[in-house]
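Data from my_file_13.txt: compact mmCIF, C-alpha atoms and all ligand atoms
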# COMPACT_ATOMS: atom_id res chain seq x y z
CA MET A 12 99.42 98.77 141.87
CA ALA A 13 102.25 101.32 141.75
CA PRO A 14 102.24 103.58 138.72
CA PRO A 15 104.97 102.90 136.14
CA THR A 16 108.16 104.64 137.14
CA ILE A 17 110.15 103.93 134.00
CA LEU A 18 111.07 107.06 132.10
CA VAL A 19 112.17 107.08 128.50
CA ASP A 20 115.46 108.74 129.40
CA ALA A 21 116.17 106.19 132.08
CA PHE A 22 115.41 103.30 129.78
CA SER A 23 115.84 104.24 126.22
CA PRO A 24 115.00 101.39 123.87
CA HIS A 25 117.79 102.71 121.69
CA THR A 26 120.39 101.98 124.31
CA LYS A 27 118.86 98.75 125.58
CA GLY A 28 118.31 97.35 122.10
CA SER A 29 115.40 95.74 120.37
CA ILE A 30 112.42 93.88 121.76
CA LYS A 31 113.70 90.97 119.68
CA GLU A 32 116.80 90.87 121.84
CA ILE A 33 114.74 91.05 125.04
CA ALA A 34 112.26 88.42 123.85
CA GLU A 35 115.02 86.02 122.83
CA SER A 36 117.17 86.44 125.93
CA GLY A 37 116.84 83.24 127.98
CA ASN A 38 113.51 81.75 128.88
CA LEU A 39 111.45 84.88 129.26
CA SER A 40 108.31 83.84 131.15
CA SER A 41 106.87 87.28 131.88
CA ILE A 42 107.16 90.64 130.21
CA PRO A 43 109.19 93.52 131.66
CA GLY A 44 106.96 95.99 133.52
CA HIS A 45 107.42 98.79 131.04
CA TYR A 46 105.73 96.70 128.33
CA ASN A 47 102.69 96.01 130.49
CA PHE A 48 99.70 98.00 129.35
CA SER A 49 97.56 97.01 132.28
CA GLN A 50 99.73 99.46 134.26
CA SER A 51 99.14 102.27 131.82
CA GLU A 52 96.48 104.85 132.46
CA SER A 53 96.18 105.91 128.86
CA GLN A 54 95.65 102.56 127.10
CA GLN A 55 92.97 100.05 127.86
CA LEU A 56 93.35 96.42 126.89
CA PRO A 57 91.61 94.48 125.49
CA ASP A 58 88.32 95.39 123.84
CA PRO A 59 86.03 92.69 122.51
CA VAL A 60 87.18 91.48 119.10
CA SER A 61 84.88 90.19 116.40
CA THR A 62 85.35 88.48 113.05
CA GLU A 63 83.52 89.78 110.00
CA ASP A 64 83.79 89.43 106.25
CA ILE A 65 86.17 92.06 104.98
CA PRO A 66 85.49 93.55 101.51
CA THR A 67 87.44 91.91 98.69
CA ILE A 68 88.60 93.71 95.55
CA GLU A 69 89.29 91.78 92.32
CA PHE A 70 92.24 93.72 90.99
CA ASN A 71 92.34 91.84 87.70
CA LEU A 72 88.76 92.86 86.94
CA LEU A 73 89.55 96.49 87.79
CA VAL A 74 92.27 96.70 85.13
CA ASN A 75 91.35 94.01 82.59
CA GLY A 76 87.64 93.46 83.12
CA THR A 77 84.76 94.37 80.84
CA PRO A 78 83.24 97.84 81.44
CA ASP A 79 80.52 96.19 83.53
CA GLN A 80 83.02 94.26 85.60
CA ARG A 81 85.14 97.37 86.13
CA SER A 82 82.06 99.36 87.23
CA GLN A 83 81.23 96.65 89.73
CA VAL A 84 84.77 96.73 91.20
CA ILE A 85 84.64 100.54 91.40
CA SER A 86 81.39 100.32 93.28
CA ASP A 87 82.94 97.66 95.58
CA LEU A 88 85.89 99.99 96.15
CA GLY A 89 83.60 102.88 97.03
CA HIS A 90 81.70 100.73 99.50
CA ALA A 91 84.93 99.38 101.03
CA CYS A 92 86.38 102.88 101.45
CA SER A 93 83.26 104.50 102.88
CA GLU A 94 82.11 101.64 105.12
CA TRP A 95 85.44 100.13 106.17
CA GLY A 96 88.49 102.10 105.05
CA PHE A 97 89.93 98.66 104.55
CA PHE A 98 89.87 95.88 101.94
CA MET A 99 91.66 92.80 100.67
CA VAL A 100 93.04 92.79 97.13
CA VAL A 101 93.07 89.46 95.30
CA ASN A 102 94.25 88.51 91.78
CA HIS A 103 96.75 91.35 91.87
CA GLY A 104 99.44 89.71 89.75
CA VAL A 105 102.32 90.13 92.23
CA GLU A 106 104.08 86.77 92.34
CA GLU A 107 104.11 84.78 95.53
CA ARG A 108 107.88 84.32 95.04
CA LEU A 109 108.45 88.09 95.31
CA ARG A 110 106.26 88.36 98.39
CA GLU A 111 108.18 85.52 100.05
CA GLN A 112 111.50 87.12 99.16
CA MET A 113 110.31 90.36 100.75
CA LEU A 114 109.48 88.56 103.97
CA GLU A 115 112.87 86.83 103.86
CA VAL A 116 114.95 89.98 103.40
CA CYS A 117 113.04 91.74 106.16
CA ARG A 118 113.48 88.76 108.50
CA ASP A 119 117.20 88.73 107.61
CA PHE A 120 117.42 92.42 108.42
CA PHE A 121 115.95 91.91 111.91
CA ASP A 122 118.40 89.01 112.39
CA LEU A 123 121.41 91.31 111.87
CA SER A 124 123.45 92.12 114.96
CA GLU A 125 122.25 94.91 117.21
CA VAL A 126 125.40 96.82 116.25
CA GLU A 127 124.61 96.56 112.54
CA LYS A 128 120.99 97.64 113.07
CA GLY A 129 122.18 100.35 115.45
CA LYS A 130 123.67 102.17 112.44
CA TYR A 131 120.13 103.07 111.45
CA VAL A 132 118.75 104.31 114.73
CA GLY A 133 117.24 107.62 113.71
CA ARG A 134 115.29 110.33 115.37
CA ASN A 135 113.46 112.12 112.57
CA VAL A 136 110.38 110.89 110.82
CA LEU A 137 111.84 111.61 107.37
CA ASP A 138 115.26 110.02 107.96
CA PRO A 139 115.85 107.82 104.87
CA ILE A 140 116.51 104.65 106.89
CA ARG A 141 115.32 104.30 110.44
CA CYS A 142 115.31 101.28 112.66
CA GLY A 143 113.83 101.24 116.13
CA THR A 144 111.48 99.70 118.61
CA SER A 145 108.04 100.48 120.06
CA PHE A 146 105.90 103.11 118.24
CA ASN A 147 107.15 106.57 119.18
CA PRO A 148 109.52 105.85 122.08
CA SER A 149 110.46 109.47 122.65
CA VAL A 150 106.93 110.20 123.91
CA GLU A 151 106.00 106.79 125.39
CA THR A 152 106.30 105.53 128.94
CA VAL A 153 104.98 102.04 128.19
CA PHE A 154 106.52 100.38 125.16
CA TYR A 155 105.09 98.35 122.34
CA TRP A 156 106.19 94.78 121.59
CA ARG A 157 107.49 95.68 118.17
CA ASP A 158 110.71 96.41 116.29
CA PHE A 159 110.56 98.26 113.01
CA LEU A 160 112.55 99.29 110.01
CA LYS A 161 111.38 102.25 107.94
CA VAL A 162 112.97 103.00 104.58
CA LEU A 163 112.08 105.76 102.15
CA VAL A 164 111.83 104.08 98.75
CA HIS A 165 110.32 106.82 96.55
CA PRO A 166 110.86 109.34 94.97
CA ALA A 167 114.46 108.59 96.01
CA PHE A 168 115.22 104.96 96.75
CA TYR A 169 117.26 104.03 99.83
CA SER A 170 118.32 100.67 101.20
CA PRO A 171 120.40 99.44 104.12
CA GLU A 172 123.63 97.79 102.92
CA LYS A 173 122.77 94.48 104.55
CA PRO A 174 121.31 91.99 103.88
CA ALA A 175 122.91 91.91 100.44
CA ASP A 176 119.72 91.22 98.49
CA PHE A 177 117.56 93.72 100.39
CA ARG A 178 118.10 96.45 97.80
CA ASP A 179 117.05 94.50 94.70
CA VAL A 180 114.12 92.71 96.26
CA THR A 181 112.63 95.80 97.90
CA ASN A 182 113.16 97.91 94.79
CA GLU A 183 111.23 95.42 92.66
CA TYR A 184 108.51 94.91 95.24
CA CYS A 185 107.92 98.60 95.96
CA THR A 186 107.81 99.41 92.23
CA ARG A 187 105.15 96.74 91.77
CA ILE A 188 103.17 98.11 94.70
CA ARG A 189 103.30 101.61 93.18
CA GLY A 190 101.73 100.20 90.01
CA LEU A 191 99.01 98.56 92.05
CA VAL A 192 98.30 101.73 94.03
CA LYS A 193 98.10 103.85 90.89
CA GLU A 194 95.37 101.60 89.49
CA LEU A 195 93.53 101.39 92.80
CA LEU A 196 93.55 105.19 93.08
CA LYS A 197 92.01 105.47 89.61
CA GLY A 198 89.18 103.24 90.78
CA VAL A 199 88.85 105.16 94.04
CA SER A 200 88.70 108.47 92.12
CA GLU A 201 85.92 107.12 89.93
CA SER A 202 84.05 105.82 92.94
CA LEU A 203 84.01 109.42 94.21
CA GLY A 204 82.56 110.61 90.88
CA LEU A 205 85.89 112.16 89.86
CA VAL A 206 87.93 111.60 86.70
CA PRO A 207 90.17 108.51 86.99
CA CYS A 208 93.41 110.54 87.24
CA TYR A 209 92.07 112.95 89.88
CA LEU A 210 93.76 111.51 92.98
CA GLU A 211 96.98 110.79 91.11
CA LYS A 212 97.21 114.43 89.99
CA ALA A 213 95.93 115.98 93.23
CA SER A 214 98.58 114.11 95.20
CA GLU A 215 101.39 114.41 92.60
CA LEU A 216 101.81 110.68 92.85
CA GLU A 217 104.65 110.62 90.29
CA THR A 218 106.86 112.08 93.02
CA GLY A 219 104.81 110.67 95.88
CA LEU A 220 106.42 109.56 99.11
CA GLN A 221 106.55 105.79 99.48
CA ILE A 222 107.79 104.24 102.72
CA LEU A 223 108.58 100.63 103.42
CA ILE A 224 107.75 99.69 107.01
CA ALA A 225 108.78 96.26 108.20
CA ASN A 226 107.42 95.27 111.61
CA LEU A 227 108.66 92.42 113.75
CA TYR A 228 106.51 91.27 116.68
CA PRO A 229 108.47 88.59 118.55
CA ARG A 230 106.71 85.87 120.52
CA CYS A 231 105.42 87.36 123.73
CA PRO A 232 105.08 85.32 126.95
CA GLN A 233 102.10 87.39 128.16
CA PRO A 234 100.36 88.60 125.01
CA GLU A 235 97.25 89.71 126.91
CA LEU A 236 99.31 92.34 128.75
CA ALA A 237 101.28 93.73 125.81
CA MET A 238 100.43 95.49 122.56
CA GLY A 239 102.27 95.25 119.22
CA ILE A 240 101.26 98.57 117.69
CA PRO A 241 98.71 100.94 119.20
CA PRO A 242 95.54 102.13 117.48
CA HIS A 243 96.56 104.59 114.79
CA SER A 244 95.70 105.71 111.29
CA ASP A 245 98.30 105.92 108.52
CA HIS A 246 99.12 109.38 107.21
CA GLY A 247 99.22 108.68 103.46
CA LEU A 248 96.70 107.73 100.80
CA LEU A 249 96.74 103.91 100.71
CA THR A 250 98.87 101.47 102.69
CA VAL A 251 99.45 98.01 101.20
CA LEU A 252 100.20 95.39 103.81
CA MET A 253 101.17 91.74 103.91
CA GLN A 254 102.29 89.45 106.70
CA ASN A 255 103.91 86.08 107.29
CA ASN A 256 101.29 83.48 108.11
CA VAL A 257 100.71 84.87 111.57
CA GLY A 258 97.68 87.03 112.36
CA GLY A 259 97.47 90.02 114.69
CA LEU A 260 96.09 92.94 112.69
CA GLN A 261 92.76 94.38 113.83
CA VAL A 262 90.75 97.18 112.24
CA LYS A 263 88.12 99.35 113.87
CA HIS A 264 84.75 98.90 112.22
CA ASN A 265 81.45 100.25 113.55
CA GLY A 266 83.03 100.81 116.94
CA LYS A 267 84.39 97.25 117.24
CA TRP A 268 87.81 95.73 116.63
CA VAL A 269 87.67 93.22 113.79
CA LEU A 270 90.35 90.56 113.52
CA VAL A 271 91.78 90.39 110.00
CA ASN A 272 92.26 86.92 108.53
CA PRO A 273 93.61 87.60 105.04
CA LEU A 274 92.86 85.29 102.12
CA PRO A 275 95.97 83.44 100.88
CA ASN A 276 98.14 85.61 98.59
CA SER A 277 96.04 88.69 99.17
CA PHE A 278 97.16 92.20 100.03
CA LEU A 279 95.51 94.16 102.80
CA VAL A 280 94.89 97.79 101.92
CA ASN A 281 93.84 100.58 104.22
CA THR A 282 92.89 104.16 103.54
CA GLY A 283 95.07 106.88 105.08
CA ASP A 284 94.56 110.41 106.35
CA GLN A 285 95.37 112.10 103.03
CA LEU A 286 92.61 110.16 101.29
CA GLU A 287 90.17 111.22 103.98
CA ILE A 288 91.18 114.85 103.41
CA LEU A 289 91.01 114.65 99.59
CA SER A 290 87.61 112.95 99.73
CA ASN A 291 86.42 115.65 102.16
CA GLY A 292 85.69 113.02 104.78
CA LYS A 293 83.65 110.72 102.54
CA TYR A 294 86.29 108.03 102.95
CA LYS A 295 87.49 107.68 106.52
CA SER A 296 91.05 106.85 107.40
CA VAL A 297 90.72 103.62 109.35
CA LEU A 298 92.07 103.03 112.86
CA HIS A 299 94.02 99.81 113.18
CA ARG A 300 96.34 98.09 115.65
CA ALA A 301 98.32 94.86 115.99
CA VAL A 302 98.18 92.46 118.91
CA VAL A 303 100.88 89.91 119.76
CA ASN A 304 100.86 86.20 120.57
CA ASP A 305 102.88 83.59 122.47
CA GLN A 306 103.17 81.07 119.61
CA SER A 307 105.12 82.57 116.72
CA ALA A 308 106.91 85.74 115.73
CA ARG A 309 104.92 87.86 113.33
CA ILE A 310 106.34 89.97 110.51
CA SER A 311 104.23 92.49 108.64
CA ILE A 312 105.37 94.64 105.73
CA ALA A 313 103.45 97.84 105.15
CA ILE A 314 104.11 99.95 102.08
CA ALA A 315 102.73 103.42 102.76
CA ASN A 316 101.93 105.43 99.64
CA GLY A 317 101.38 109.14 100.03
CA PRO A 318 101.35 112.42 98.11
CA SER A 319 104.47 114.29 97.12
CA LEU A 320 105.93 115.91 100.24
CA GLY A 321 105.64 119.44 98.89
CA LYS A 322 102.06 119.03 97.70
CA ALA A 323 99.43 121.05 99.53
CA VAL A 324 96.51 118.69 100.05
CA ALA A 325 92.92 119.87 100.47
CA PRO A 326 89.43 118.47 99.89
CA ALA A 327 88.57 118.01 96.19
CA PRO A 328 86.56 121.11 95.13
CA GLN A 329 84.07 118.82 93.36
CA LEU A 330 83.20 117.29 96.73
CA VAL A 331 82.61 120.64 98.37
CA ASP A 332 79.27 122.45 98.16
CA SER A 333 76.87 124.29 100.43
CA GLU A 334 75.93 121.05 102.17
CA HIS A 335 79.47 119.72 102.32
CA THR A 336 81.77 122.53 103.35
CA PRO A 337 85.53 121.86 103.44
CA ALA A 338 86.14 119.63 106.44
CA TYR A 339 89.94 119.93 106.68
CA CYS A 340 92.42 122.73 106.37
CA GLU A 341 94.95 122.65 103.56
CA MET A 342 98.44 121.53 104.54
CA THR A 343 101.44 120.21 102.65
CA TYR A 344 102.05 116.54 103.18
CA ARG A 345 105.44 117.34 104.71
CA GLU A 346 103.83 119.64 107.26
CA TYR A 347 101.27 116.97 108.04
CA VAL A 348 103.84 114.20 108.57
CA GLU A 349 105.99 116.41 110.78
CA PHE A 350 102.97 117.65 112.68
CA GLN A 351 101.87 114.09 113.33
CA GLN A 352 105.28 113.06 114.60
CA SER A 353 105.54 115.99 116.98
CA ASN A 354 102.26 115.16 118.71
CA SER A 355 101.60 112.41 121.18
CA LEU A 356 98.39 111.17 119.63
CA ASP A 357 97.62 108.54 122.20
CA GLY A 358 95.54 106.38 119.92
CA LYS A 359 93.90 109.27 118.08
CA SER A 360 94.38 110.23 114.50
CA CYS A 361 96.32 113.36 113.62
CA LEU A 362 93.24 114.21 111.57
CA ASP A 363 91.44 115.13 114.75
CA LEU A 364 93.86 118.00 114.98
CA VAL A 365 93.40 119.38 111.45
CA ARG A 366 89.66 118.75 111.10
CA LEU A 367 87.69 121.97 110.83
CA SER A 368 85.02 122.25 113.47
CA ASN A 369 82.13 122.57 111.04
CA ILE A 370 81.56 118.81 110.67
O1 LIG B 401 101.46 94.83 111.71
C1 LIG B 401 100.42 95.20 111.19
O2 LIG B 401 99.59 94.41 110.74
C2 LIG B 401 100.08 96.67 111.11
C3 LIG B 401 101.27 97.54 110.83
C4 LIG B 401 100.89 98.97 110.69
O3 LIG B 401 99.78 99.35 110.92
C5 LIG B 401 101.89 99.97 110.26
O4 LIG B 401 103.07 99.63 110.11
O5 LIG B 401 101.47 101.14 110.05
FE FE B 402 99.40 101.36 110.16
Go ahead and express the file in the form of structure tokens.
Ligand SMILES: O=C(O)CCC(=O)C(=O)O
Ligand SMILES: [Fe+2]
Amino acid sequence: MAPPTILVDAFSPHTKGSIKEIAESGNLSSIPGHYNFSQSESQQLPDPVSTEDIPTIEFNLLVNGTPDQRSQVISDLGHACSEWGFFMVVNHGVEERLREQMLEVCRDFFDLSEVEKGKYVGRNVLDPIRCGTSFNPSVETVFYWRDFLKVLVHPAFYSPEKPADFRDVTNEYCTRIRGLVKELLKGVSESLGLVPCYLEKASELETGLQILIANLYPRCPQPELAMGIPPHSDHGLLTVLMQNNVGGLQVKHNGKWVLVNPLPNSFLVNTGDQLEILSNGKYKSVLHRAVVNDQSARISIAIANGPSLGKAVAPAPQLVDSEHTPAYCEMTYREYVEFQQSNSLDGKSCLDLVRLSNI
């Protein structure tokens, strides 16, 4: 088979529009060649996928439980972070109505005209509002079956002008998620043997960077040949994810891809690179990816919660001793995010690049 000849410059997704537009144009029965990963040398599809029970965290017991119940949840959190880097949160108190509204405003955004969405085509990772397609199209030769919208929502809050209710709904939702993350991080700190406020302080969470990422994966006529989002880890502390009722997320666990089937009304939470650094590698930032399907469009909404951009992040001194030397170099979160964006990671975590060689 001939190698792919499509170059980013010759076929910029920004000029040709979204994958939504391509997927919805006529009766598409096969995917364009530059979405076909079987032609790519760098990505291999698919690996065997298994189903396993994913750890579940009872949020209500973490914040309102008896001391014994709270201790149990903290121990569950510790296990989830060290063994999986991934867990489901149930009984979190965020109303189903708000979650549905979030999905609606994000769907309405993707339904805007290409011209309207084109206002937000951005190039830089820290642009306040950025809409695009694929994963990192400036360095890719085969594209991902995904459109995205990324909005910075904290410490300064931004919103596209349309749809009209996007601003209010996302502001409320992201504020609620910040509350959830703050409590989860207290539990995670305690599970590391640190004081409850450790991670909050060490990451300057009050001015922490929060990013809303809405992903649209349209129906794909040949899902076995395409990929929605490639294996990656998230750069922040904790990412809180939900989806419409369509599956596709997979997490890497013990060397295998595990299909995630969330419990109704639950949030999916994964650990990010900054948590791995702060915990000196005790909690691994989990690799995850999203596959596509030929039945229904999938929408996922990830809220990434990270340290303050100016905060220099390093392993907690309490987790460093003669047996556990510092495993990562200190870097501000801004440097880390920009460093990640400037590297073609090709399925690897940016952490591989900042890990000190002594572990
Ligand atoms: O669509 C998904 O389930 C995963 C999305 C994701 O990993 C991300 O936006 O970082
Ligand atoms: Fe992710």
Shell of 7 Å around ligand FE 402 (chain B) (all atoms listed in the file), written as a PyMOL selection string: chain A and resi 243-245+299
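Across the model, the gap from CA of Glu341 (chain A) to CA of Gly247 (chain A) is 14.6 Å.
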Within 10 Å of Asn256 (chain A) using only C-alpha atoms, minus same-chain residues under 4 positions, as a VMD selection string: chain A and resid 272 to 273 275 307 to 311
Print the selection's residues with C-alpha atoms to a file, as a short mmCIF file (atom, residue, chain, number, x, y, z; two decimals), in the frame of the given file.
data_model
loop_
_atom_site.label_atom_id
_atom_site.label_comp_id
_atom_site.auth_asym_id
_atom_site.auth_seq_id
_atom_site.Cartn_x
_atom_site.Cartn_y
_atom_site.Cartn_z
CA ASN A 272 92.26 86.92 108.53
CA PRO A 273 93.61 87.60 105.04
CA PRO A 275 95.97 83.44 100.88
CA SER A 307 105.12 82.57 116.72
CA ALA A 308 106.91 85.74 115.73
CA ARG A 309 104.92 87.86 113.33
CA ILE A 310 106.34 89.97 110.51
CA SER A 311 104.23 92.49 108.64
#
Selection near Leu195 (chain A), 9 Å with all atoms listed in the file, sequence-local residues under 4 positions removed, as an MDAnalysis selection string: chainID A and resid 70 73 88 190:191 199:200 249
Which of A:Val348, A:Ala301, A:Ala213, A:Val271 sits closest to Ser61 (chain A) [using all atoms listed in the file]: A:Val271
With 8 Å as the cut-off and all atoms listed in the file counted, what is the closest atom pair between each nearby residue of chain A and ligand LIG 401 (chain B)? Distances in Å to one decimal, ordered by chain and number, as JSON lines.
{"residue": "A:Ile224", "atom": "CA", "partner": "B:LIG401", "partner_atom": "O4", "distance": 5.6}
{"residue": "A:Ala225", "atom": "CA", "partner": "B:LIG401", "partner_atom": "O4", "distance": 6.9}
{"residue": "A:Asn226", "atom": "CA", "partner": "B:LIG401", "partner_atom": "O1", "distance": 6.0}
{"residue": "A:Leu227", "atom": "CA", "partner": "B:LIG401", "partner_atom": "O1", "distance": 7.9}
{"residue": "A:Tyr228", "atom": "CA", "partner": "B:LIG401", "partner_atom": "O1", "distance": 7.9}
{"residue": "A:Gly239", "atom": "CA", "partner": "B:LIG401", "partner_atom": "O1", "distance": 7.6}
{"residue": "A:Ile240", "atom": "CA", "partner": "B:LIG401", "partner_atom": "C3", "distance": 6.9}
{"residue": "A:His243", "atom": "CA", "partner": "B:LIG401", "partner_atom": "O3", "distance": 7.3}
{"residue": "A:Ser244", "atom": "CA", "partner": "B:LIG401", "partner_atom": "O5", "distance": 7.5}
{"residue": "A:Asp245", "atom": "CA", "partner": "B:LIG401", "partner_atom": "O5", "distance": 5.9}
{"residue": "A:Thr250", "atom": "CA", "partner": "B:LIG401", "partner_atom": "O5", "distance": 7.8}
{"residue": "A:Leu252", "atom": "CA", "partner": "B:LIG401", "partner_atom": "O2", "distance": 7.0}
{"residue": "A:Met253", "atom": "CA", "partner": "B:LIG401", "partner_atom": "O2", "distance": 7.5}
{"residue": "A:Gln254", "atom": "CA", "partner": "B:LIG401", "partner_atom": "O2", "distance": 6.9}
{"residue": "A:Gly258", "atom": "CA", "partner": "B:LIG401", "partner_atom": "O2", "distance": 7.8}
{"residue": "A:Gly259", "atom": "CA", "partner": "B:LIG401", "partner_atom": "O2", "distance": 6.3}
{"residue": "A:Leu260", "atom": "CA", "partner": "B:LIG401", "partner_atom": "O2", "distance": 4.3}
{"residue": "A:Gln261", "atom": "CA", "partner": "B:LIG401", "partner_atom": "O2", "distance": 7.5}
{"residue": "A:His299", "atom": "CA", "partner": "B:LIG401", "partner_atom": "O3", "distance": 6.2}
{"residue": "A:Arg300", "atom": "CA", "partner": "B:LIG401", "partner_atom": "O3", "distance": 6.0}
{"residue": "A:Ala301", "atom": "CA", "partner": "B:LIG401", "partner_atom": "C1", "distance": 5.3}
{"residue": "A:Arg309", "atom": "CA", "partner": "B:LIG401", "partner_atom": "O1", "distance": 7.9}
{"residue": "A:Ile310", "atom": "CA", "partner": "B:LIG401", "partner_atom": "O1", "distance": 7.0}
{"residue": "A:Ser311", "atom": "CA", "partner": "B:LIG401", "partner_atom": "O1", "distance": 4.8}
{"residue": "A:Ile312", "atom": "CA", "partner": "B:LIG401", "partner_atom": "O4", "distance": 7.0}
{"residue": "A:Ala313", "atom": "CA", "partner": "B:LIG401", "partner_atom": "O4", "distance": 5.3}
{"residue": "A:Ala315", "atom": "CA", "partner": "B:LIG401", "partner_atom": "O5", "distance": 7.7}
Next, the residues of the selection above should be written as a PDB file, in the coordinates of the input with C-alpha atoms.
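File written: out_9.pdb
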ATOM      1  CA  ILE A 224     107.750  99.690 107.010  1.00  0.00           C
ATOM      2  CA  ALA A 225     108.780  96.260 108.200  1.00  0.00           C
ATOM      3  CA  ASN A 226     107.420  95.270 111.610  1.00  0.00           C
ATOM      4  CA  LEU A 227     108.660  92.420 113.750  1.00  0.00           C
ATOM      5  CA  TYR A 228     106.510  91.270 116.680  1.00  0.00           C
ATOM      6  CA  GLY A 239     102.270  95.250 119.220  1.00  0.00           C
ATOM      7  CA  ILE A 240     101.260  98.570 117.690  1.00  0.00           C
ATOM      8  CA  HIS A 243      96.560 104.590 114.790  1.00  0.00           C
ATOM      9  CA  SER A 244      95.700 105.710 111.290  1.00  0.00           C
ATOM     10  CA  ASP A 245      98.300 105.920 108.520  1.00  0.00           C
ATOM     11  CA  THR A 250      98.870 101.470 102.690  1.00  0.00           C
ATOM     12  CA  LEU A 252     100.200  95.390 103.810  1.00  0.00           C
ATOM     13  CA  MET A 253     101.170  91.740 103.910  1.00  0.00           C
ATOM     14  CA  GLN A 254     102.290  89.450 106.700  1.00  0.00           C
ATOM     15  CA  GLY A 258      97.680  87.030 112.360  1.00  0.00           C
ATOM     16  CA  GLY A 259      97.470  90.020 114.690  1.00  0.00           C
ATOM     17  CA  LEU A 260      96.090  92.940 112.690  1.00  0.00           C
ATOM     18  CA  GLN A 261      92.760  94.380 113.830  1.00  0.00           C
ATOM     19  CA  HIS A 299      94.020  99.810 113.180  1.00  0.00           C
ATOM     20  CA  ARG A 300      96.340  98.090 115.650  1.00  0.00           C
ATOM     21  CA  ALA A 301      98.320  94.860 115.990  1.00  0.00           C
ATOM     22  CA  ARG A 309     104.920  87.860 113.330  1.00  0.00           C
ATOM     23  CA  ILE A 310     106.340  89.970 110.510  1.00  0.00           C
ATOM     24  CA  SER A 311     104.230  92.490 108.640  1.00  0.00           C
ATOM     25  CA  ILE A 312     105.370  94.640 105.730  1.00  0.00           C
ATOM     26  CA  ALA A 313     103.450  97.840 105.150  1.00  0.00           C
ATOM     27  CA  ALA A 315     102.730 103.420 102.760  1.00  0.00           C
TER      28      ALA A 315
END
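Each of A:Gly321, A:Pro139, A:Pro59, A:Gly96 was compared to Ser214 (chain A) using all atoms listed in the file, and A:Gly321 turns out to be the nearest.
Between Glu35 (chain A) and the candidates A:Val302, A:Val365, A:Cys231, A:Leu289, the tightest atom-to-atom separation, counting all atoms listed in the file, involves A:Cys231.
Minimum distance to Val192 (chain A) across A:Gly266, A:Gly317, A:Pro326, A:Pro229 (counting all atoms listed in the file) occurs at A:Gly317.
Between CA of Pro337 (chain A) and CA of Ser296 (chain A) lies a distance of 16.5 Å.
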6 Å contact set for Leu223 (chain A), only C-alpha atoms, chain neighbours under 2 positions out, as a PyMOL selection string: chain A and resi 161-162+314
